[in-house]
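Engineer: Input structure: start20.txt, which contains compact mmCIF, C-alpha atoms.
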```
# COMPACT_ATOMS: atom_id res chain seq x y z
CA MET A 1 6.78 -71.67 -4.15
CA PRO A 2 9.56 -71.04 -6.70
CA TRP A 3 9.09 -72.53 -10.06
CA ASN A 4 12.57 -74.04 -10.26
CA GLU A 5 12.74 -75.44 -6.71
CA PRO A 6 14.87 -78.61 -6.66
CA GLY A 7 12.94 -81.84 -6.65
CA LYS A 8 9.89 -80.24 -8.16
CA ASP A 9 9.04 -80.57 -11.79
CA LYS A 10 5.81 -78.60 -11.87
CA ASP A 11 5.14 -74.89 -11.96
CA PRO A 12 2.48 -73.20 -9.81
CA TRP A 13 -0.16 -73.79 -12.48
CA GLY A 14 0.33 -77.58 -12.49
CA GLN A 15 2.43 -77.82 -15.59
CA ARG A 16 5.59 -79.80 -15.76
CA ASN A 17 8.77 -77.85 -15.88
CA ASN A 18 10.04 -78.21 -19.37
CA ASP A 19 12.68 -76.23 -21.05
CA GLY A 20 10.18 -74.28 -23.20
CA PRO A 21 7.78 -71.56 -22.01
CA PRO A 22 4.28 -72.61 -20.83
CA ASP A 23 1.33 -72.45 -23.16
CA LEU A 24 -0.70 -69.28 -22.46
CA ASP A 25 -3.99 -70.84 -23.40
CA GLU A 26 -3.39 -73.70 -21.01
CA LEU A 27 -2.30 -71.24 -18.31
CA PHE A 28 -5.52 -69.20 -18.49
CA LYS A 29 -7.55 -72.37 -18.60
CA ASN A 30 -5.99 -73.67 -15.37
CA LEU A 31 -6.56 -70.32 -13.64
CA LYS A 32 -10.20 -70.38 -14.67
CA ASN A 33 -10.63 -73.88 -13.33
CA LYS A 34 -9.00 -72.99 -9.98
CA PHE A 35 -11.15 -69.87 -9.43
CA GLY A 36 -14.19 -71.85 -10.47
CA GLY A 37 -13.32 -74.43 -7.85
CA VAL A 38 -12.83 -71.76 -5.22
CA PHE A 39 -16.33 -70.40 -5.78
CA GLY A 40 -17.93 -73.88 -5.72
CA GLY A 41 -17.89 -75.23 -9.22
CA GLY A 42 -15.98 -75.70 -12.40
CA LYS A 43 -15.74 -77.75 -15.51
CA GLY A 44 -13.97 -81.05 -15.95
CA GLY A 45 -10.78 -81.98 -17.66
CA GLY A 46 -10.15 -82.45 -21.30
CA ASN A 47 -13.49 -84.09 -22.16
CA GLY A 48 -15.52 -81.58 -20.01
CA SER A 49 -17.66 -84.30 -18.49
CA SER A 50 -16.28 -84.48 -14.89
CA SER A 51 -16.37 -81.69 -12.18
CA MET A 52 -13.34 -80.55 -10.18
CA PRO A 53 -13.62 -80.75 -6.33
CA SER A 54 -13.18 -77.57 -4.19
CA ALA A 55 -9.82 -76.74 -2.66
CA PRO A 56 -10.09 -75.27 0.88
CA GLY A 57 -6.34 -74.76 1.13
CA ASN A 58 -6.21 -72.65 -1.99
CA LEU A 59 -9.21 -70.57 -0.79
CA SER A 60 -7.62 -69.66 2.50
CA GLY A 61 -4.42 -68.64 0.77
CA ILE A 62 -6.18 -66.35 -1.67
CA VAL A 63 -8.29 -64.76 1.11
CA GLY A 64 -5.17 -64.11 3.15
CA PHE A 65 -3.46 -62.57 0.16
CA VAL A 66 -6.41 -60.30 -0.53
CA ILE A 67 -6.57 -59.25 3.12
CA ILE A 68 -2.87 -58.41 3.18
CA ALA A 69 -3.21 -56.42 -0.03
CA LEU A 70 -6.16 -54.50 1.36
CA LEU A 71 -4.29 -53.80 4.57
CA PHE A 72 -1.35 -52.54 2.59
CA VAL A 73 -3.51 -50.23 0.51
CA TRP A 74 -5.33 -49.10 3.64
CA SER A 75 -2.04 -48.28 5.35
CA LEU A 76 -1.01 -46.17 2.35
CA THR A 77 -4.00 -43.90 2.95
CA GLY A 78 -2.41 -42.84 6.21
CA ILE A 79 0.35 -40.95 4.41
CA TYR A 80 -0.17 -37.19 4.18
CA ILE A 81 2.01 -34.13 3.48
CA VAL A 82 1.83 -30.82 5.35
CA ASP A 83 2.78 -27.79 3.24
CA GLU A 84 4.69 -24.75 4.46
CA GLY A 85 2.48 -22.42 6.45
CA TRP A 86 0.09 -25.24 7.36
CA ARG A 87 -0.33 -27.42 10.42
CA GLY A 88 -1.74 -30.94 10.72
CA VAL A 89 -4.01 -31.75 13.69
CA GLU A 90 -4.11 -35.53 14.26
CA THR A 91 -6.96 -37.18 16.13
CA LEU A 92 -7.31 -40.69 17.56
CA PHE A 93 -10.95 -41.77 17.48
CA GLY A 94 -11.89 -38.08 17.44
CA ALA A 95 -9.61 -37.00 20.30
CA LYS A 96 -6.78 -34.58 19.49
CA THR A 97 -3.35 -36.12 19.84
CA GLU A 98 -0.62 -34.25 17.97
CA ILE A 99 0.20 -31.14 15.91
CA THR A 100 2.44 -31.90 12.92
CA GLN A 101 4.69 -29.44 11.15
CA ALA A 102 5.48 -29.07 7.45
CA GLY A 103 6.68 -32.24 5.71
CA PRO A 104 5.51 -35.83 5.03
CA HIS A 105 3.81 -37.75 7.86
CA TRP A 106 1.97 -41.02 8.50
CA HIS A 107 -0.82 -41.92 10.87
CA PHE A 108 -3.16 -44.83 11.33
CA PRO A 109 -5.72 -44.49 8.55
CA PHE A 110 -9.36 -43.68 9.02
CA PRO A 111 -11.33 -44.52 11.12
CA ILE A 112 -8.60 -45.06 13.73
CA GLU A 113 -6.86 -41.76 13.22
CA ASP A 114 -7.63 -38.71 11.13
CA VAL A 115 -5.87 -35.45 10.32
CA GLU A 116 -7.15 -31.93 9.63
CA LEU A 117 -4.88 -29.55 7.73
CA ILE A 118 -5.14 -25.89 8.79
CA ASN A 119 -3.54 -22.87 7.12
CA VAL A 120 -1.85 -20.74 9.79
CA SER A 121 0.00 -18.28 7.52
CA ASP A 122 -2.72 -16.72 5.35
CA ILE A 123 -4.45 -13.53 6.48
CA ARG A 124 -8.19 -14.12 6.52
CA THR A 125 -10.88 -11.44 6.28
CA ALA A 126 -14.26 -11.07 7.94
CA ARG A 127 -16.74 -8.20 7.51
CA SER A 128 -19.52 -6.83 9.68
CA ASN A 129 -22.14 -4.19 8.80
CA SER A 130 -24.88 -3.01 11.15
CA LYS A 131 -26.54 -0.01 12.83
CA MET A 132 -25.38 0.93 16.31
CA LEU A 133 -26.28 3.41 19.05
CA THR A 134 -23.66 5.91 20.24
CA SER A 135 -23.24 7.37 23.72
CA ASP A 136 -25.07 10.58 22.70
CA GLU A 137 -28.07 8.51 21.56
CA ASN A 138 -27.41 8.81 17.84
CA ILE A 139 -27.60 5.98 15.33
CA VAL A 140 -24.58 5.33 13.15
CA VAL A 141 -24.12 2.78 10.37
CA MET A 142 -20.85 0.92 10.88
CA SER A 143 -19.01 -1.32 8.43
CA ILE A 144 -15.77 -2.90 9.61
CA GLU A 145 -13.25 -5.30 8.12
CA VAL A 146 -11.36 -7.68 10.42
CA GLN A 147 -8.12 -9.29 9.28
CA TYR A 148 -6.93 -12.30 11.28
CA ASN A 149 -4.87 -15.48 11.14
CA VAL A 150 -4.56 -18.71 13.11
CA LYS A 151 -2.06 -18.73 15.95
CA ASP A 152 -3.00 -22.11 17.46
CA ALA A 153 -4.19 -24.76 14.99
CA GLN A 154 -5.35 -27.20 17.69
CA ASP A 155 -7.54 -24.61 19.48
CA PHE A 156 -8.84 -23.37 16.14
CA ALA A 157 -9.90 -26.91 15.15
CA PHE A 158 -11.41 -28.17 18.43
CA ASN A 159 -12.37 -25.42 20.90
CA VAL A 160 -15.13 -23.79 18.85
CA ARG A 161 -17.52 -25.33 16.36
CA ASP A 162 -17.39 -22.50 13.77
CA PRO A 163 -14.39 -20.18 14.31
CA ASP A 164 -15.34 -17.82 11.47
CA LEU A 165 -18.86 -17.31 12.81
CA THR A 166 -17.48 -16.88 16.32
CA LEU A 167 -15.10 -14.21 15.04
CA GLN A 168 -17.87 -12.31 13.28
CA GLN A 169 -20.10 -12.33 16.35
CA THR A 170 -17.16 -11.25 18.53
CA ALA A 171 -16.44 -8.36 16.15
CA GLU A 172 -20.02 -7.12 16.35
CA THR A 173 -19.98 -7.36 20.15
CA ALA A 174 -16.69 -5.46 20.44
CA ILE A 175 -17.60 -2.70 17.99
CA ARG A 176 -20.96 -2.16 19.70
CA GLU A 177 -19.22 -1.75 23.03
CA VAL A 178 -16.74 0.79 21.62
CA VAL A 179 -19.40 2.75 19.72
CA GLY A 180 -21.65 2.80 22.78
CA ASN A 181 -18.88 4.45 24.82
CA ASN A 182 -18.17 7.26 22.31
CA ASP A 183 -20.22 10.02 20.70
CA MET A 184 -21.09 10.23 17.04
CA ASP A 185 -18.78 13.12 16.12
CA LEU A 186 -15.72 11.27 17.35
CA ILE A 187 -16.65 8.05 15.55
CA ILE A 188 -17.27 9.54 12.10
CA THR A 189 -14.41 12.07 12.16
CA GLU A 190 -10.99 11.80 13.75
CA GLY A 191 -11.79 8.89 16.09
CA ARG A 192 -11.76 6.08 13.52
CA ALA A 193 -8.25 4.95 14.42
CA VAL A 194 -9.12 4.97 18.12
CA VAL A 195 -12.29 2.94 17.51
CA GLY A 196 -10.39 0.38 15.44
CA SER A 197 -7.66 -0.01 18.07
CA GLU A 198 -10.11 -0.42 20.96
CA THR A 199 -12.21 -2.89 18.97
CA LYS A 200 -9.16 -5.00 18.17
CA SER A 201 -8.13 -5.11 21.85
CA ILE A 202 -11.61 -6.17 23.02
CA MET A 203 -11.92 -8.80 20.28
CA GLN A 204 -8.57 -10.38 21.08
CA GLN A 205 -9.46 -10.57 24.76
CA ILE A 206 -12.78 -12.31 24.05
CA LEU A 207 -11.28 -14.74 21.52
CA ASP A 208 -8.50 -15.67 23.95
CA ASN A 209 -11.04 -16.32 26.68
CA TYR A 210 -12.91 -18.66 24.32
CA GLY A 211 -9.63 -20.35 23.31
CA THR A 212 -10.35 -19.99 19.59
CA GLY A 213 -6.68 -19.90 18.54
CA ILE A 214 -7.36 -16.77 16.42
CA ASN A 215 -5.03 -13.77 16.28
CA VAL A 216 -6.63 -10.46 15.23
CA VAL A 217 -4.21 -8.60 12.94
CA SER A 218 -6.16 -5.39 12.31
CA VAL A 219 -9.63 -3.84 12.45
CA ASN A 220 -10.43 -1.27 9.75
CA MET A 221 -13.52 0.92 9.55
CA ASP A 222 -14.79 0.93 5.97
CA GLU A 223 -17.82 3.11 6.66
CA ALA A 224 -19.12 5.23 9.51
CA GLN A 225 -22.05 7.51 8.76
CA PRO A 226 -25.54 8.32 9.98
CA PRO A 227 -28.59 6.55 8.54
CA GLU A 228 -29.80 7.57 5.12
CA GLU A 229 -32.97 9.13 6.56
CA VAL A 230 -30.99 11.86 8.36
CA GLN A 231 -28.09 12.15 5.93
CA ASP A 232 -29.10 15.61 4.63
CA ALA A 233 -29.40 17.10 8.10
CA PHE A 234 -26.14 15.56 9.08
CA ASN A 235 -24.42 17.04 6.02
CA ASP A 236 -25.74 20.47 7.01
CA ALA A 237 -24.35 19.99 10.49
CA ILE A 238 -20.98 19.00 9.06
CA LYS A 239 -20.98 22.06 6.80
CA ALA A 240 -21.78 24.31 9.76
CA ARG A 241 -18.97 22.73 11.73
CA GLU A 242 -16.57 23.26 8.86
CA ASP A 243 -17.64 26.92 8.61
CA GLU A 244 -17.09 27.29 12.32
CA GLN A 245 -13.64 25.81 12.05
CA ARG A 246 -12.85 28.07 9.09
CA ILE A 247 -13.90 31.17 11.01
CA VAL A 248 -11.88 30.08 14.01
CA ASN A 249 -8.85 29.58 11.78
CA GLU A 250 -9.31 33.02 10.25
CA ALA A 251 -9.61 34.57 13.70
CA ASN A 252 -6.47 32.79 14.82
CA ALA A 253 -4.65 34.01 11.73
CA TYR A 254 -5.79 37.59 12.41
CA ARG A 255 -4.74 37.28 16.02
CA ASN A 256 -1.35 35.92 15.02
CA GLY A 257 -0.88 38.96 12.79
CA VAL A 258 -2.21 41.64 15.15
CA VAL A 259 -0.83 40.47 18.48
CA PRO A 260 2.85 40.51 17.41
CA GLN A 261 2.37 43.94 15.84
CA ALA A 262 0.73 45.27 19.00
CA ARG A 263 3.51 43.77 21.08
CA GLY A 264 6.07 45.47 18.85
CA GLU A 265 4.31 48.81 19.15
CA GLY A 266 4.07 48.32 22.89
CA GLU A 267 7.78 47.63 23.10
CA GLY A 268 8.43 50.75 21.01
CA LEU A 269 6.28 52.88 23.30
CA LEU A 270 8.03 51.48 26.34
CA GLU A 271 11.40 52.29 24.80
CA GLN A 272 10.23 55.82 23.90
CA ALA A 273 8.92 56.31 27.43
CA ALA A 274 12.20 55.09 28.85
CA ALA A 275 14.10 57.49 26.55
CA TYR A 276 11.79 60.36 27.50
CA LYS A 277 12.24 59.56 31.14
CA THR A 278 15.99 59.50 30.76
CA ARG A 279 15.96 62.79 28.83
CA VAL A 280 13.73 64.55 31.36
CA VAL A 281 15.70 63.26 34.29
CA LYS A 282 19.00 64.26 32.72
CA SER A 283 17.59 67.68 31.76
CA ALA A 284 16.32 68.23 35.29
CA GLU A 285 19.66 67.17 36.68
CA GLY A 286 21.38 69.58 34.27
CA GLU A 287 19.04 72.43 35.23
CA THR A 288 19.64 71.67 38.87
CA SER A 289 23.39 71.66 38.32
CA ARG A 290 23.22 75.01 36.47
CA PHE A 291 21.05 76.49 39.17
CA ASN A 292 23.46 75.34 41.83
CA GLN A 293 26.36 76.87 39.91
CA LEU A 294 24.40 80.09 39.40
CA LEU A 295 23.55 80.18 43.07
CA THR A 296 27.20 79.92 43.91
CA GLN A 297 28.01 82.83 41.57
CA TYR A 298 25.09 84.85 42.92
CA GLN A 299 26.28 84.39 46.46
CA LEU A 300 29.70 85.67 45.38
CA ALA A 301 28.47 88.70 43.30
CA PRO A 302 24.72 89.28 43.64
CA GLU A 303 24.52 92.52 41.63
CA VAL A 304 26.51 91.33 38.69
CA THR A 305 24.72 88.00 38.59
CA ARG A 306 21.33 89.69 38.82
CA GLU A 307 22.10 92.01 35.92
CA ARG A 308 23.46 89.13 33.87
CA LEU A 309 20.32 87.09 34.47
CA TYR A 310 18.18 90.04 33.51
CA ILE A 311 20.06 90.66 30.29
CA ASP A 312 20.05 86.98 29.32
CA THR A 313 16.33 86.73 29.98
CA ILE A 314 15.47 89.86 27.99
CA GLU A 315 17.67 88.69 25.15
CA ARG A 316 15.98 85.31 25.07
CA VAL A 317 12.50 86.83 25.16
CA LEU A 318 13.15 89.50 22.58
CA SER A 319 14.80 87.03 20.26
CA GLN A 320 11.46 85.31 19.90
CA SER A 321 9.51 88.53 19.12
CA SER A 322 9.69 90.60 15.95
CA LYS A 323 8.02 93.71 17.39
CA VAL A 324 8.59 95.57 20.68
CA MET A 325 6.60 98.52 21.96
CA ILE A 326 8.37 100.83 24.49
CA ASP A 327 6.53 103.40 26.57
CA VAL A 328 8.85 106.28 27.38
CA GLU A 329 8.42 107.67 30.87
CA LYS A 330 6.92 111.16 30.90
CA GLY A 331 6.44 111.08 27.17
CA ASN A 332 3.46 110.89 24.89
CA ASN A 333 5.04 108.92 22.14
CA LEU A 334 5.13 105.14 22.03
CA MET A 335 8.39 103.82 20.62
CA PHE A 336 8.26 100.97 18.13
CA LEU A 337 11.29 98.83 17.58
CA PRO A 338 11.41 96.69 14.39
CA LEU A 339 13.30 93.81 15.89
CA ASP A 340 12.93 91.68 12.80
CA GLN A 341 14.89 94.22 10.79
CA LEU A 342 17.43 94.53 13.53
CA LEU A 343 17.79 90.76 13.64
CA ASN A 344 18.16 90.64 9.87
CA ARG A 345 20.84 93.24 10.03
CA ARG A 346 22.55 91.29 12.72
CA GLN A 347 22.39 88.17 10.61
CA GLN A 348 23.77 90.09 7.65
CA ALA A 349 26.52 91.50 9.85
CA ASP A 350 27.31 87.99 11.07
CA SER A 351 27.51 86.80 7.49
CA ALA A 352 29.79 89.68 6.57
CA ASP A 353 31.93 88.93 9.58
CA GLN A 354 32.14 85.32 8.47
CA ARG A 355 33.26 86.35 5.01
CA LEU A 356 35.81 88.71 6.41
CA SER A 357 37.14 86.03 8.74
CA ASN A 358 38.00 83.91 5.75
CA THR A 359 40.21 86.66 4.32
CA ASN A 360 41.56 88.55 7.27
CA SER A 361 41.47 87.19 10.76
CA GLY A 362 42.69 90.45 12.23
CA SER A 363 39.93 92.57 10.74
CA ASN A 364 37.47 89.85 11.75
CA SER A 365 38.44 90.35 15.36
CA ILE A 366 37.88 94.10 15.12
CA THR A 367 34.52 93.59 13.39
CA ASP A 368 33.43 91.08 16.01
CA GLY A 369 34.31 93.50 18.78
CA PHE A 370 32.47 96.30 17.05
CA THR A 371 29.45 94.10 16.50
CA ARG A 372 29.39 93.05 20.13
CA SER A 373 29.64 96.62 21.33
CA ASN A 374 26.76 97.63 19.04
CA SER A 375 24.70 94.76 20.36
CA ARG A 376 25.35 95.75 23.93
CA SER A 377 24.47 99.35 23.12
CA ARG A 378 21.18 98.32 21.55
CA SER A 379 20.41 96.15 24.53
CA ARG A 380 21.04 98.97 26.91
CA GLU A 381 18.83 101.27 24.85
CA ILE A 382 16.04 98.76 24.93
CA THR A 383 16.45 98.30 28.66
CA GLN A 384 16.29 102.00 29.28
```
Using the file provided, produce a representation of the structure as structure tokens.
Structural biologist:
Amino acid sequence: MPWNEPGKDKDPWGQRNNDGPPDLDELFKNLKNKFGGVFGGGKGGGNGSSSMPSAPGNLSGIVGFVIIALLFVWSLTGIYIVDEGWRGVETLFGAKTEITQAGPHWHFPFPIEDVELINVSDIRTARSNSKMLTSDENIVVMSIEVQYNVKDAQDFAFNVRDPDLTLQQTAETAIREVVGNNDMDLIITEGRAVVGSETKSIMQQILDNYGTGINVVSVNMDEAQPPEEVQDAFNDAIKAREDEQRIVNEANAYRNGVVPQARGEGEGLLEQAAAYKTRVVKSAEGETSRFNQLLTQYQLAPEVTRERLYIDTIERVLSQSSKVMIDVEKGNNLMFLPLDQLLNRRQQADSADQRLSNTNSGSNSITDGFTRSNSRSRSREITQ
């Protein structure tokens, strides 16, 4: 009720409405008396000897006011804010109802409705470390790191009780399946990327079947090695494999150097053979052509051709010999011809003829004729 309502001359505390402000001591005293009456007692008026009766109307008003205030405060607890990269999962008496995006929201406060805020943008990490058996019956110690995020906040919050534990168990199951299908050499050497990719695919399939709302981003192998008890033997095996690979590389390098050289030499021999073949064939064709020409001349003049062939043959044979022995018919003496000296003289005569040709062409012609006649005479003497 307003203090200055027309027709009323009292304020809410029972004081008359005067022009001056109310007395604070009197105000607190009246409030004390009213609350004392509400709770079943109180002191009297000015002399303190009489008790004040209870006021049911005032009690109901105060209770209603308190209830409204509590309801108001309770309703304020239903306000919540969803940050960027988060999702709010609202539930009504424990049943999922709605997924809220970033921004301010309101829902019926607890216990009617509740909200669970889930981060869907951060990359989470889970690790697994255990011993596993490979397809070639070897034991390998595997340590993997799984990076994942939440792709469905509602499934992540309700479909599984502990999503992180479910993810870790799924990772161990998937990696055991992949390791069991591959041998040890592949796993600990160049097959790490393949193992990680296959493990990620199997994990995502299992998590989707469970409806966990988890998205596997990557699977990385931190460690892949044999147990400590056989580490020395395994290192020896690796060293032997590296030596083998080194020897193979050296052999390949030697082959790459020798094979091209051999191919080049082979090509050279083939080209030489082809050139020799061409030369022999052309020489045979030339000899055949000369023989055919000689045959034609022989058929025309047999005697002359025969004598010419004889002289050419003797000249060719004697030109390659420096000494000739001649047995004279019906004589006891054996004639010796120093052909080397004769050839030297001939060479000297040829040189002299060459010098003379430079000065006098006419005399050169006479000398050449004389030289030829002497040569023919010597040939006839030798023949006889």
Engineer: Go through range 132-165 of chain A and flag each residue having an atom no more than 10 Å from range 89-100 of chain A; for those, report the closest pair of atoms plus their distance in Å to one decimal, using all atoms listed in the file, ordered by chain and rising number, as CSV.
Structural biologist:
```
residue,atom,partner,partner_atom,distance
A:Asp152,CA,A:Ile99,CA,9.7
A:Ala153,CA,A:Val89,CA,7.1
A:Gln154,CA,A:Val89,CA,6.2
A:Asp155,CA,A:Val89,CA,9.8
A:Phe156,CA,A:Val89,CA,10.0
A:Ala157,CA,A:Val89,CA,7.8
A:Phe158,CA,A:Lys96,CA,8.0
```
Engineer: In Å to one decimal, how far is CA of Tyr254 in chain A from CA of Gly268 in chain A?
Structural biologist: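 Computed distance, CA of Gly268 in chain A to CA of Tyr254 in chain A, equals 21.2 Å.
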Engineer: CA of Glu228 in chain A and CA of Glu145 in chain A, how far apart in Å?
Structural biologist: 21.2 Å
Engineer: Please indicate the distance in Å from CA of Ala274 in chain A to CA of Val258 in chain A, rounded to one decimal place.
Structural biologist: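 About the pair CA of Ala274 in chain A and CA of Val258 in chain A: they are 24.0 Å apart.
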